[in-house]
file entry.csv (CSV, C-alpha atoms)
chain,number,residue,atom,x,y,z
B,23,ARG,CA,5.7,-58.5,-44.9
B,24,VAL,CA,2.4,-59.8,-46.3
B,25,SER,CA,1.3,-61.2,-43.0
B,26,PHE,CA,2.2,-57.9,-41.2
B,27,MET,CA,0.0,-55.9,-43.6
B,28,ASN,CA,-2.9,-58.2,-43.2
B,29,ASN,CA,-2.8,-57.9,-39.4
B,30,GLN,CA,-3.3,-54.1,-39.5
B,31,LYS,CA,-6.8,-53.2,-38.2
B,32,PRO,CA,-9.1,-51.4,-40.7
B,33,GLN,CA,-9.7,-47.7,-39.7
B,34,LYS,CA,-13.1,-47.0,-38.2
B,35,PRO,CA,-15.3,-44.6,-40.1
B,36,THR,CA,-15.7,-41.1,-38.6
B,37,LEU,CA,-18.8,-39.0,-38.5
B,38,SER,CA,-18.5,-35.5,-39.9
B,39,GLY,CA,-21.0,-32.7,-40.6
B,40,GLN,CA,-23.1,-30.4,-38.4
B,41,ARG,CA,-25.1,-31.3,-35.3
B,42,PHE,CA,-28.5,-29.8,-35.4
B,43,LYS,CA,-30.0,-31.1,-32.2
B,44,THR,CA,-28.7,-29.5,-28.9
B,45,ARG,CA,-29.2,-31.1,-25.6
B,46,LYS,CA,-31.4,-29.2,-23.2
B,47,ARG,CA,-28.6,-28.8,-20.6
B,48,ASP,CA,-26.2,-27.3,-23.3
B,49,GLU,CA,-28.5,-24.5,-24.1
B,50,LYS,CA,-27.3,-21.2,-22.8
B,51,GLU,CA,-29.9,-18.5,-22.0
B,52,ARG,CA,-28.9,-15.2,-23.6
B,53,PHE,CA,-27.6,-12.6,-21.2
B,54,ASP,CA,-30.0,-9.7,-21.5
B,55,PRO,CA,-29.8,-7.1,-18.7
B,56,THR,CA,-31.9,-4.6,-20.7
B,57,GLN,CA,-35.1,-6.8,-20.4
B,58,PHE,CA,-34.3,-7.3,-16.6
B,59,GLN,CA,-33.8,-3.6,-16.2
B,60,ASP,CA,-37.2,-2.8,-17.8
B,61,CYS,CA,-39.0,-5.2,-15.5
B,62,ILE,CA,-37.4,-3.6,-12.4
B,63,ILE,CA,-37.9,0.0,-13.5
B,64,GLN,CA,-41.5,-0.7,-14.4
B,65,GLY,CA,-42.1,-2.2,-10.9
B,66,LEU,CA,-40.4,0.7,-9.2
B,67,SER,CA,-42.4,3.3,-11.1
B,68,GLU,CA,-45.6,1.6,-9.8
B,69,THR,CA,-44.3,1.6,-6.1
B,70,GLY,CA,-43.4,5.3,-6.2
B,71,THR,CA,-41.2,6.6,-3.5
B,72,ASP,CA,-42.8,4.5,-0.7
B,73,LEU,CA,-39.7,2.5,0.4
B,74,GLU,CA,-41.8,-0.1,2.3
B,75,ALA,CA,-43.6,-0.8,-1.0
B,76,VAL,CA,-40.2,-0.9,-2.8
B,77,ALA,CA,-38.9,-3.5,-0.4
B,78,LYS,CA,-42.0,-5.6,-0.8
B,79,PHE,CA,-41.8,-5.4,-4.6
B,80,LEU,CA,-38.1,-6.4,-4.6
B,81,ASP,CA,-38.9,-9.3,-2.3
B,82,ALA,CA,-41.6,-10.7,-4.5
B,83,SER,CA,-39.7,-10.1,-7.8
B,84,GLY,CA,-36.9,-12.3,-6.6
B,85,ALA,CA,-39.1,-15.3,-7.2
B,86,LYS,CA,-39.7,-14.4,-10.8
B,87,LEU,CA,-36.5,-12.6,-11.9
B,88,ASP,CA,-33.0,-13.9,-12.0
B,89,TYR,CA,-31.4,-11.8,-9.3
B,90,ARG,CA,-28.3,-14.1,-9.1
B,91,ARG,CA,-27.5,-13.4,-12.8
B,92,TYR,CA,-28.4,-9.7,-12.9
B,93,ALA,CA,-27.2,-8.6,-9.5
B,94,GLU,CA,-25.0,-5.8,-10.9
B,95,THR,CA,-27.9,-4.4,-12.9
B,96,LEU,CA,-30.3,-4.6,-10.0
B,97,PHE,CA,-27.9,-2.7,-7.7
B,98,ASP,CA,-27.0,-0.1,-10.4
B,99,ILE,CA,-30.7,0.7,-10.7
B,100,LEU,CA,-31.3,0.9,-6.9
B,101,VAL,CA,-28.3,3.2,-6.4
B,102,ALA,CA,-28.1,5.3,-9.7
B,103,GLY,CA,-31.6,4.8,-11.3
B,104,GLY,CA,-30.3,2.8,-14.3
B,105,MET,CA,-27.4,0.7,-15.6
B,106,LEU,CA,-24.0,2.4,-15.2
B,107,ALA,CA,-21.5,2.6,-18.0
B,108,PRO,CA,-17.8,2.3,-17.1
B,109,GLY,CA,-16.7,5.5,-15.2
B,110,GLY,CA,-20.1,5.9,-13.6
B,111,THR,CA,-22.3,7.6,-16.2
B,112,LEU,CA,-25.8,6.4,-16.9
B,113,ALA,CA,-26.3,5.0,-20.4
B,114,ASP,CA,-28.3,7.5,-22.4
B,115,ASP,CA,-30.5,5.1,-24.3
B,116,MET,CA,-31.8,3.3,-21.2
B,117,THR,CA,-34.9,3.9,-19.3
B,118,ARG,CA,-34.3,5.1,-15.8
B,119,THR,CA,-36.1,5.6,-12.5
B,120,ASN,CA,-36.1,8.3,-9.8
B,121,VAL,CA,-36.7,5.6,-7.1
B,122,CYS,CA,-33.0,5.3,-6.3
B,123,VAL,CA,-30.4,6.6,-3.8
B,124,PHE,CA,-29.0,9.2,-6.2
B,125,ALA,CA,-32.4,10.8,-6.8
B,126,ALA,CA,-33.4,10.8,-3.1
B,127,GLN,CA,-33.0,13.6,-0.5
B,128,GLU,CA,-29.5,14.2,0.8
B,129,ASP,CA,-30.1,13.5,4.5
B,130,LEU,CA,-29.3,10.8,7.0
B,131,GLU,CA,-32.9,9.7,7.6
B,132,THR,CA,-33.6,9.1,3.9
B,133,MET,CA,-30.3,7.1,3.6
B,134,GLN,CA,-31.3,5.0,6.7
B,135,ALA,CA,-34.6,4.1,5.0
B,136,PHE,CA,-32.7,3.1,1.8
B,137,ALA,CA,-30.3,1.0,3.9
B,138,GLN,CA,-33.3,-0.9,5.2
B,139,VAL,CA,-34.3,-1.7,1.6
B,140,PHE,CA,-30.8,-3.2,0.9
B,141,ASN,CA,-30.8,-5.0,4.3
B,142,LYS,CA,-34.2,-6.7,3.7
B,143,LEU,CA,-33.3,-7.6,0.1
B,144,ILE,CA,-29.9,-9.2,1.1
B,145,ARG,CA,-31.3,-11.0,4.1
B,146,ARG,CA,-34.0,-12.5,1.9
B,147,TYR,CA,-31.6,-13.4,-0.9
B,148,LYS,CA,-28.4,-14.3,0.9
B,149,TYR,CA,-26.6,-15.0,-2.4
B,150,LEU,CA,-26.7,-11.3,-3.2
B,151,GLU,CA,-24.2,-10.5,-0.4
B,152,LYS,CA,-21.1,-11.0,-2.6
B,153,GLY,CA,-22.7,-9.2,-5.6
B,154,PHE,CA,-23.6,-6.2,-3.4
B,155,GLU,CA,-20.0,-6.0,-2.0
B,156,ASP,CA,-18.6,-6.0,-5.5
B,157,GLU,CA,-21.1,-3.3,-6.5
B,158,VAL,CA,-20.1,-1.0,-3.7
B,159,LYS,CA,-16.4,-1.5,-4.6
B,160,LYS,CA,-17.2,-0.6,-8.2
B,161,LEU,CA,-19.2,2.5,-7.2
B,162,LEU,CA,-16.3,3.7,-5.0
B,163,LEU,CA,-14.0,3.5,-8.0
B,164,PHE,CA,-16.6,5.5,-10.1
B,165,LEU,CA,-16.8,8.3,-7.5
B,166,LYS,CA,-15.4,10.9,-9.9
B,167,GLY,CA,-18.2,10.2,-12.4
B,168,PHE,CA,-20.9,11.2,-9.8
B,169,SER,CA,-22.0,14.7,-8.6
B,170,GLU,CA,-20.9,15.9,-5.1
B,171,SER,CA,-24.5,15.3,-3.8
B,172,GLU,CA,-24.5,11.8,-5.3
B,173,ARG,CA,-21.2,11.1,-3.6
B,174,ASN,CA,-22.5,12.4,-0.3
B,175,LYS,CA,-25.6,10.2,-0.4
B,176,LEU,CA,-23.5,7.1,-1.3
B,177,ALA,CA,-21.0,7.9,1.5
B,178,MET,CA,-23.9,8.2,4.1
B,179,LEU,CA,-25.5,5.0,2.9
B,180,THR,CA,-22.1,3.1,2.9
B,181,GLY,CA,-21.4,4.3,6.5
B,182,ILE,CA,-24.8,3.0,7.7
B,183,LEU,CA,-24.4,-0.4,5.9
B,184,LEU,CA,-20.9,-0.7,7.4
B,185,ALA,CA,-22.4,0.0,10.9
B,186,ASN,CA,-25.1,-2.6,10.6
B,187,GLY,CA,-22.8,-5.3,9.2
B,188,THR,CA,-24.4,-5.5,5.7
B,189,LEU,CA,-21.0,-4.5,4.3
B,190,ASN,CA,-17.5,-5.4,5.3
B,191,ALA,CA,-14.8,-2.7,5.9
B,192,SER,CA,-12.6,-4.3,3.2
B,193,ILE,CA,-14.6,-2.4,0.6
B,194,LEU,CA,-12.7,0.7,1.7
B,195,ASN,CA,-9.7,-0.5,-0.2
B,196,SER,CA,-11.3,1.1,-3.3
B,197,LEU,CA,-10.8,4.5,-1.7
B,198,TYR,CA,-7.1,4.1,-1.9
B,199,ASN,CA,-7.3,4.4,-5.7
B,200,GLU,CA,-4.4,6.8,-6.8
B,201,ASN,CA,-6.6,9.1,-8.8
B,202,LEU,CA,-9.3,9.4,-6.2
B,203,VAL,CA,-6.7,10.1,-3.5
B,204,LYS,CA,-4.8,12.7,-5.6
B,205,GLU,CA,-7.9,14.7,-6.3
B,206,GLY,CA,-9.1,14.8,-2.7
B,207,VAL,CA,-12.2,12.7,-3.5
B,208,SER,CA,-11.3,9.9,-1.2
B,209,ALA,CA,-10.8,12.1,1.9
B,210,ALA,CA,-14.0,14.1,1.3
B,211,PHE,CA,-16.0,10.9,0.8
B,212,ALA,CA,-14.4,9.4,4.0
B,213,VAL,CA,-15.6,12.3,6.1
B,214,LYS,CA,-19.3,11.7,5.2
B,215,LEU,CA,-18.9,7.9,5.5
B,216,PHE,CA,-17.3,8.0,8.9
B,217,LYS,CA,-19.7,10.6,10.2
B,218,SER,CA,-22.7,8.3,9.4
B,219,TRP,CA,-20.8,5.2,10.6
B,220,ILE,CA,-19.9,6.7,14.0
B,221,ASN,CA,-23.4,8.2,14.2
B,222,GLU,CA,-24.9,4.6,14.0
B,223,LYS,CA,-22.3,3.0,16.3
B,224,ASP,CA,-19.3,4.7,18.0
B,225,ILE,CA,-15.6,5.0,17.3
B,226,ASN,CA,-14.7,1.8,19.2
B,227,ALA,CA,-17.0,-0.3,17.0
B,228,VAL,CA,-15.5,1.4,13.9
B,229,ALA,CA,-12.0,0.6,15.2
B,230,VAL,CA,-12.9,-3.1,15.7
B,231,SER,CA,-14.2,-3.3,12.1
B,232,LEU,CA,-11.1,-1.6,10.7
B,233,ARG,CA,-8.8,-3.8,12.7
B,234,LYS,CA,-10.5,-7.0,11.5
B,235,VAL,CA,-9.5,-6.2,7.9
B,236,ASN,CA,-6.1,-4.6,8.7
B,237,MET,CA,-7.3,-1.2,7.8
B,238,ASP,CA,-6.7,0.4,11.2
B,239,ASN,CA,-3.2,1.6,10.2
B,240,ARG,CA,-4.0,2.6,6.6
B,241,LEU,CA,-6.3,5.6,7.1
B,242,MET,CA,-3.6,8.1,6.3
B,243,GLU,CA,-3.4,6.7,2.8
B,244,LEU,CA,-6.6,8.6,2.1
B,245,PHE,CA,-4.2,11.5,1.4
B,246,PRO,CA,-1.3,11.8,-1.1
B,247,ALA,CA,2.1,10.7,0.1
B,248,ASN,CA,3.3,14.3,0.8
B,249,LYS,CA,0.3,14.9,3.1
B,250,GLN,CA,0.4,11.5,5.0
B,251,SER,CA,1.2,12.9,8.5
B,252,VAL,CA,-0.7,12.6,11.7
B,253,GLU,CA,-0.8,16.4,11.9
B,254,HIS,CA,-2.5,16.8,8.4
B,255,PHE,CA,-4.9,14.0,9.1
B,256,SER,CA,-5.8,15.3,12.5
B,257,LYS,CA,-6.4,18.9,11.2
B,258,TYR,CA,-8.5,17.8,8.2
B,259,PHE,CA,-10.8,15.4,10.1
B,260,THR,CA,-11.0,17.6,13.3
B,261,GLU,CA,-12.1,20.6,11.2
B,262,ALA,CA,-14.7,18.3,9.5
B,263,GLY,CA,-16.2,17.5,12.9
B,264,LEU,CA,-14.5,14.1,13.4
B,265,LYS,CA,-12.3,14.7,16.4
B,266,GLU,CA,-12.7,11.1,17.7
B,267,LEU,CA,-11.4,9.7,14.3
B,268,SER,CA,-8.4,12.1,14.5
B,269,GLU,CA,-7.6,11.0,18.0
B,270,TYR,CA,-8.0,7.3,17.1
B,271,VAL,CA,-5.5,7.7,14.2
B,272,ARG,CA,-3.1,9.6,16.4
B,273,ASN,CA,-3.3,6.8,19.0
B,274,GLN,CA,-2.8,4.1,16.3
B,275,GLN,CA,0.3,5.9,15.0
B,276,SER,CA,1.6,6.2,18.5
B,277,ILE,CA,1.1,2.5,19.1
B,278,GLY,CA,2.9,1.7,15.9
B,279,ALA,CA,5.8,4.0,16.8
B,280,ARG,CA,6.1,2.4,20.3
B,281,LYS,CA,6.2,-1.1,18.8
B,282,GLU,CA,8.9,0.0,16.4
B,283,LEU,CA,10.9,1.7,19.2
B,284,GLN,CA,10.8,-1.5,21.3
B,285,LYS,CA,11.9,-3.7,18.3
B,286,GLU,CA,14.8,-1.4,17.5
B,287,LEU,CA,15.8,-1.1,21.2
B,288,GLN,CA,16.0,-4.9,21.5
B,289,GLU,CA,18.1,-5.1,18.4
B,290,GLN,CA,20.5,-2.4,19.7
B,291,MET,CA,20.8,-4.1,23.1
B,292,SER,CA,21.5,-7.5,21.5
B,293,ARG,CA,24.2,-6.0,19.3
B,294,GLY,CA,25.7,-4.4,22.4
B,295,ASP,CA,25.5,-0.8,21.1
B,296,PRO,CA,27.0,1.9,23.4
B,297,PHE,CA,24.4,3.4,25.8
B,298,LYS,CA,25.1,7.0,24.5
B,299,ASP,CA,24.0,5.9,21.0
B,300,ILE,CA,20.9,4.1,22.3
B,301,ILE,CA,19.9,7.2,24.5
B,302,LEU,CA,20.4,9.5,21.5
B,303,TYR,CA,18.2,7.3,19.3
B,304,VAL,CA,15.4,7.0,21.9
B,305,LYS,CA,15.4,10.8,22.5
B,306,GLU,CA,15.0,11.4,18.8
B,307,GLU,CA,12.1,9.0,18.6
B,308,MET,CA,10.4,10.5,21.6
B,309,LYS,CA,10.6,13.9,20.0
B,310,LYS,CA,9.5,12.7,16.5
B,311,ASN,CA,6.6,10.7,17.7
B,312,ASN,CA,5.6,12.7,20.8
B,313,ILE,CA,6.2,9.7,23.1
B,314,SER,CA,6.3,10.5,26.9
B,315,GLU,CA,9.2,9.7,29.2
B,316,GLN,CA,6.8,7.4,31.2
B,317,THR,CA,6.0,5.4,28.1
B,318,VAL,CA,9.7,5.2,27.2
B,319,VAL,CA,10.9,4.0,30.6
B,320,ALA,CA,8.2,1.2,30.5
B,321,ILE,CA,9.5,0.1,27.0
B,322,ILE,CA,13.1,0.2,28.1
B,323,TRP,CA,12.3,-1.9,31.2
B,324,SER,CA,10.5,-4.6,29.2
B,325,SER,CA,13.3,-4.6,26.5
B,326,VAL,CA,16.0,-5.0,29.2
B,327,MET,CA,14.1,-7.9,30.8
B,328,SER,CA,13.5,-9.7,27.5
B,329,THR,CA,17.2,-9.8,26.5
B,330,VAL,CA,18.1,-12.5,29.1
B,331,GLU,CA,17.3,-16.2,29.5
B,332,TRP,CA,16.4,-16.1,33.2
B,333,ASN,CA,17.3,-18.9,35.7
B,334,LYS,CA,14.4,-21.0,36.8
B,335,LYS,CA,15.7,-21.3,40.4
B,336,GLU,CA,14.4,-18.6,42.7
B,337,GLU,CA,17.6,-18.4,44.8
B,338,LEU,CA,19.8,-17.8,41.7
B,339,VAL,CA,17.5,-15.5,39.7
B,340,ALA,CA,17.8,-12.5,42.1
B,341,GLU,CA,21.6,-12.6,41.9
B,342,GLN,CA,21.3,-12.8,38.0
B,343,ALA,CA,18.8,-10.0,37.9
B,344,ILE,CA,20.9,-7.6,40.1
B,345,LYS,CA,24.0,-8.2,37.9
B,346,HIS,CA,22.0,-7.7,34.7
B,347,LEU,CA,20.1,-4.6,35.9
B,348,LYS,CA,23.2,-3.0,37.4
B,349,GLN,CA,24.7,-3.0,33.9
B,350,TYR,CA,21.6,-1.3,32.4
B,351,SER,CA,20.9,1.2,35.2
B,352,PRO,CA,22.6,4.1,33.3
B,353,LEU,CA,20.2,3.6,30.4
B,354,LEU,CA,17.2,3.6,32.8
B,355,ALA,CA,18.5,6.6,34.7
B,356,ALA,CA,18.6,8.6,31.5
B,357,PHE,CA,14.8,8.3,31.3
B,358,THR,CA,13.7,8.7,34.9
B,359,THR,CA,14.2,12.5,35.1
B,360,GLN,CA,10.6,13.0,36.4
B,361,GLY,CA,8.9,11.6,39.5
B,362,GLN,CA,6.1,10.2,37.4
B,363,SER,CA,8.6,8.2,35.3
B,364,GLU,CA,10.2,6.7,38.4
B,365,LEU,CA,6.7,5.7,39.7
B,366,THR,CA,6.0,4.1,36.3
B,367,LEU,CA,9.2,2.1,36.5
B,368,LEU,CA,8.3,1.0,40.1
B,369,LEU,CA,4.9,-0.2,39.0
B,370,LYS,CA,6.5,-2.1,36.0
B,371,ILE,CA,9.0,-3.8,38.4
B,372,GLN,CA,6.1,-4.8,40.7
B,373,GLU,CA,4.0,-6.1,37.8
B,374,TYR,CA,7.0,-8.1,36.4
B,375,CYS,CA,7.9,-9.6,39.8
B,376,TYR,CA,4.3,-10.6,40.3
B,377,ASP,CA,3.8,-12.1,36.8
B,378,ASN,CA,7.1,-14.0,37.0
B,379,ILE,CA,6.9,-16.1,40.1
B,380,HIS,CA,10.7,-16.7,40.4
B,381,PHE,CA,11.1,-12.9,40.9
B,382,MET,CA,8.7,-12.6,43.9
B,383,LYS,CA,11.5,-12.3,46.4
B,384,ALA,CA,13.7,-10.1,44.2
B,385,PHE,CA,11.5,-7.0,44.2
B,386,GLN,CA,13.1,-5.3,47.2
B,387,LYS,CA,16.7,-6.1,45.9
B,388,ILE,CA,15.9,-4.5,42.5
B,389,VAL,CA,14.4,-1.3,44.1
B,390,VAL,CA,17.4,-0.9,46.4
B,391,LEU,CA,19.8,-1.4,43.5
B,392,PHE,CA,18.0,1.3,41.5
B,393,TYR,CA,18.0,3.6,44.5
B,394,LYS,CA,21.8,3.2,44.9
B,395,ALA,CA,22.3,3.7,41.1
B,396,GLU,CA,20.2,6.9,41.2
B,397,VAL,CA,17.5,5.5,38.9
B,398,LEU,CA,14.9,5.8,41.7
B,399,SER,CA,14.7,8.5,44.3
B,400,GLU,CA,13.3,8.6,47.8
B,401,GLU,CA,10.0,10.5,47.1
B,402,PRO,CA,8.5,8.2,44.4
B,403,ILE,CA,9.5,5.1,46.5
B,404,LEU,CA,7.6,6.5,49.6
B,405,LYS,CA,4.7,7.4,47.4
B,406,TRP,CA,4.6,3.9,45.9
B,407,TYR,CA,4.7,2.4,49.4
B,408,LYS,CA,2.0,4.7,50.8
B,409,ASP,CA,-0.8,4.6,48.1
B,410,ALA,CA,0.5,4.3,44.5
B,411,HIS,CA,1.2,0.6,44.4
B,412,LEU,CA,-0.7,-2.0,42.4
B,413,ALA,CA,-2.9,-4.7,44.0
B,414,LYS,CA,-0.8,-7.4,42.4
B,415,GLY,CA,1.2,-9.1,45.2
B,416,LYS,CA,0.7,-6.0,47.3
B,417,SER,CA,1.1,-7.6,50.8
B,418,VAL,CA,4.2,-9.5,49.8
B,419,PHE,CA,6.0,-6.5,48.3
B,420,LEU,CA,5.0,-4.0,51.0
B,421,GLU,CA,6.3,-6.4,53.6
B,422,GLN,CA,9.6,-6.8,51.7
B,423,MET,CA,9.9,-3.0,51.5
B,424,LYS,CA,9.0,-2.2,55.1
B,425,LYS,CA,12.5,-2.0,56.6
B,426,PHE,CA,13.9,-0.1,53.6
B,427,VAL,CA,11.1,2.5,53.7
B,428,GLU,CA,11.6,2.9,57.5
B,429,TRP,CA,15.3,3.5,56.9
B,430,LEU,CA,14.4,6.1,54.1
B,431,LYS,CA,12.1,7.9,56.5
B,432,ASN,CA,14.6,8.0,59.4
B,433,ALA,CA,17.9,8.3,57.7
B,434,GLU,CA,19.8,11.6,57.9
B,435,GLU,CA,20.9,13.2,54.7

call {"tool": "encode", "arguments": {"input": "entry.csv", "output": "structure tokens"}}
result
Amino acid sequence: RVSFMNNQKPQKPTLSGQRFKTRKRDEKERFDPTQFQDCIIQGLSETGTDLEAVAKFLDASGAKLDYRRYAETLFDILVAGGMLAPGGTLADDMTRTNVCVFAAQEDLETMQAFAQVFNKLIRRYKYLEKGFEDEVKKLLLFLKGFSESERNKLAMLTGILLANGTLNASILNSLYNENLVKEGVSAAFAVKLFKSWINEKDINAVAVSLRKVNMDNRLMELFPANKQSVEHFSKYFTEAGLKELSEYVRNQQSIGARKELQKELQEQMSRGDPFKDIILYVKEEMKKNNISEQTVVAIIWSSVMSTVEWNKKEELVAEQAIKHLKQYSPLLAAFTTQGQSELTLLLKIQEYCYDNIHFMKAFQKIVVLFYKAEVLSEEPILKWYKDAHLAKGKSVFLEQMKKFVEWLKNAEE
């Protein structure tokens, strides 16, 4: 026991007490946005309302002031004239400036000039990009705290900055805030925003930007749930002078409905649902989503053709196709009640046979089958042959159809 105790190492002494000396790298500069605000506001009061001079002052100040640290303060001042308290009000005890978006004239030209100030500043100091995006998201959430005129100016400015790529369309997510939507603030703001955005670009450019951030199918969420219909959206924005946006949303909704219809059709076919049930479902969807018979017949054709694993041998695929299509001809016949629908189907068959090389020789057989099954009638076939066909595989298909067309022309009733 004695030898064990003697072998224990003596404990090292520990230092206790207070460290007075701090290393240089551990020193943290005190966060003081007030001092930063005073510097910016003083500089802006010297430039006056000359926005060229404002841009030059901001450019030069970036070398002396810590823009990276005080980005939020900087953008608050440029938009609202001073630092914003939560909710969007200006802090009372702070100095403020009238050289800002909210104090400017409410017109497109003035907002375009302010957009240039932001553009130049962010191009010069690239690291401000993220801070500016966060600022705009915050400002959109504060919309209820601003006056109607301030909201209008911010909407115009945002639309211009979205058009020139300074801002990303993902900032629009802030407009889906429940309170803003419920009180109609989001929709009213969106009107001004889209007007200035489309004015700078066009509806196609706007659509591309929205699609990139998966916002193209969410515009109806600018309204409360009980008003999220194409009719309501269309009426609201058309009356506000944005007919192209109404048509775009109507078209998007229609594309979504068509995709949904195709998906459901394929599931019904793979389950082997009775045709009468499928026809009933399709007719209801047509009515509900205002889908034309021509669109429906094209969807049914592609759904019918996608339910089969086709033979790779040309001599066997025609036989397989005829057997398969004969089975589905009552379904197709239910949606070829107009000549234009029959012509649409003919063009879809031509396109399919051209795009799928094994079907090149099957075209005439499919058309004759549908003629016999009363899916296609004489007049649309003759029209297709004469001048309504596609260029795809034209010579091959016209040659295939020659004898049948001659027979149609000469046959007695």

call {"tool": "closest_residue", "arguments": {"input": "entry.csv", "among": "B:Leu412, B:Leu353, B:Met291, B:Leu189", "to": "B:Leu365", "atoms": "all atoms listed in the file"}}
result
B:Leu412

call {"tool": "residues_around", "arguments": {"input": "entry.csv", "residues": "stretch 181-187 of chain B", "least_positions_apart": "6", "cutoff": "12 Å", "atoms": "only C-alpha atoms", "output": "mmCIF file with C-alpha atoms, in the coordinates of the input"}}
result
data_model
loop_
_atom_site.group_PDB
_atom_site.id
_atom_site.type_symbol
_atom_site.label_atom_id
_atom_site.label_comp_id
_atom_site.auth_asym_id
_atom_site.auth_seq_id
_atom_site.Cartn_x
_atom_site.Cartn_y
_atom_site.Cartn_z
ATOM 1 C CA LEU B 130 -29.300 10.800 7.000
ATOM 2 C CA GLU B 131 -32.900 9.700 7.600
ATOM 3 C CA THR B 132 -33.600 9.100 3.900
ATOM 4 C CA MET B 133 -30.300 7.100 3.600
ATOM 5 C CA GLN B 134 -31.300 5.000 6.700
ATOM 6 C CA ALA B 135 -34.600 4.100 5.000
ATOM 7 C CA PHE B 136 -32.700 3.100 1.800
ATOM 8 C CA ALA B 137 -30.300 1.000 3.900
ATOM 9 C CA GLN B 138 -33.300 -0.900 5.200
ATOM 10 C CA VAL B 139 -34.300 -1.700 1.600
ATOM 11 C CA PHE B 140 -30.800 -3.200 0.900
ATOM 12 C CA ASN B 141 -30.800 -5.000 4.300
ATOM 13 C CA LYS B 142 -34.200 -6.700 3.700
ATOM 14 C CA ILE B 144 -29.900 -9.200 1.100
ATOM 15 C CA ARG B 145 -31.300 -11.000 4.100
ATOM 16 C CA GLU B 151 -24.200 -10.500 -0.400
ATOM 17 C CA PHE B 154 -23.600 -6.200 -3.400
ATOM 18 C CA GLU B 155 -20.000 -6.000 -2.000
ATOM 19 C CA VAL B 158 -20.100 -1.000 -3.700
ATOM 20 C CA ASN B 174 -22.500 12.400 -0.300
ATOM 21 C CA LYS B 175 -25.600 10.200 -0.400
ATOM 22 C CA ILE B 193 -14.600 -2.400 0.600
ATOM 23 C CA LEU B 194 -12.700 0.700 1.700
ATOM 24 C CA PHE B 211 -16.000 10.900 0.800
ATOM 25 C CA ALA B 212 -14.400 9.400 4.000
ATOM 26 C CA VAL B 213 -15.600 12.300 6.100
ATOM 27 C CA LYS B 214 -19.300 11.700 5.200
ATOM 28 C CA LEU B 215 -18.900 7.900 5.500
ATOM 29 C CA PHE B 216 -17.300 8.000 8.900
ATOM 30 C CA LYS B 217 -19.700 10.600 10.200
ATOM 31 C CA SER B 218 -22.700 8.300 9.400
ATOM 32 C CA TRP B 219 -20.800 5.200 10.600
ATOM 33 C CA ILE B 220 -19.900 6.700 14.000
ATOM 34 C CA ASN B 221 -23.400 8.200 14.200
ATOM 35 C CA GLU B 222 -24.900 4.600 14.000
ATOM 36 C CA LYS B 223 -22.300 3.000 16.300
ATOM 37 C CA ASP B 224 -19.300 4.700 18.000
ATOM 38 C CA ILE B 225 -15.600 5.000 17.300
ATOM 39 C CA ASN B 226 -14.700 1.800 19.200
ATOM 40 C CA ALA B 227 -17.000 -0.300 17.000
ATOM 41 C CA VAL B 228 -15.500 1.400 13.900
ATOM 42 C CA ALA B 229 -12.000 0.600 15.200
ATOM 43 C CA VAL B 230 -12.900 -3.100 15.700
ATOM 44 C CA SER B 231 -14.200 -3.300 12.100
ATOM 45 C CA LEU B 232 -11.100 -1.600 10.700
#

call {"tool": "atom_distance", "arguments": {"input": "entry.csv", "atom1": "atom CA of B:Asn312", "atom2": "atom CA of B:Leu283"}}
result
12.3 Å

call {"tool": "atom_distance", "arguments": {"input": "entry.csv", "atom1": "atom CA of B:Asn273", "atom2": "atom CA of B:Glu289"}}
result
24.5 Å

call {"tool": "atom_distance", "arguments": {"input": "entry.csv", "atom1": "atom CA of B:Phe245", "atom2": "atom CA of B:Ala102"}}
result
27.1 Å

call {"tool": "closest_residue", "arguments": {"input": "entry.csv", "among": "B:Met242, B:Cys122, B:Leu112, B:Ile62", "to": "B:Leu96", "atoms": "all atoms listed in the file"}}
result
B:Ile62

call {"tool": "closest_residue", "arguments": {"input": "entry.csv", "among": "B:Glu401, B:Glu253, B:Asp409, B:Glu243", "to": "B:Lys431", "atoms": "all atoms listed in the file"}}
result
B:Glu401

call {"tool": "closest_residue", "arguments": {"input": "entry.csv", "among": "B:Val101, B:Leu354, B:Leu150, B:Leu176", "to": "B:Asp129", "atoms": "all atoms listed in the file"}}
result
B:Leu176

call {"tool": "closest_residue", "arguments": {"input": "entry.csv", "among": "B:Val318, B:Cys61, B:Ala82, B:Ile99", "to": "B:Asn120", "atoms": "all atoms listed in the file"}}
result
B:Ile99

call {"tool": "closest_residue", "arguments": {"input": "entry.csv", "among": "B:Ile379, B:Glu306, B:Leu430, B:Ser192", "to": "B:Ser399", "atoms": "only C-alpha atoms"}}
result
B:Leu430

call {"tool": "residues_around", "arguments": {"input": "entry.csv", "residues": "B:Gln274", "least_positions_apart": "6", "cutoff": "10 Å", "atoms": "only C-alpha atoms", "output": "PyMOL selection string"}}
result
chain B and resi 229+238-241+252+268+280
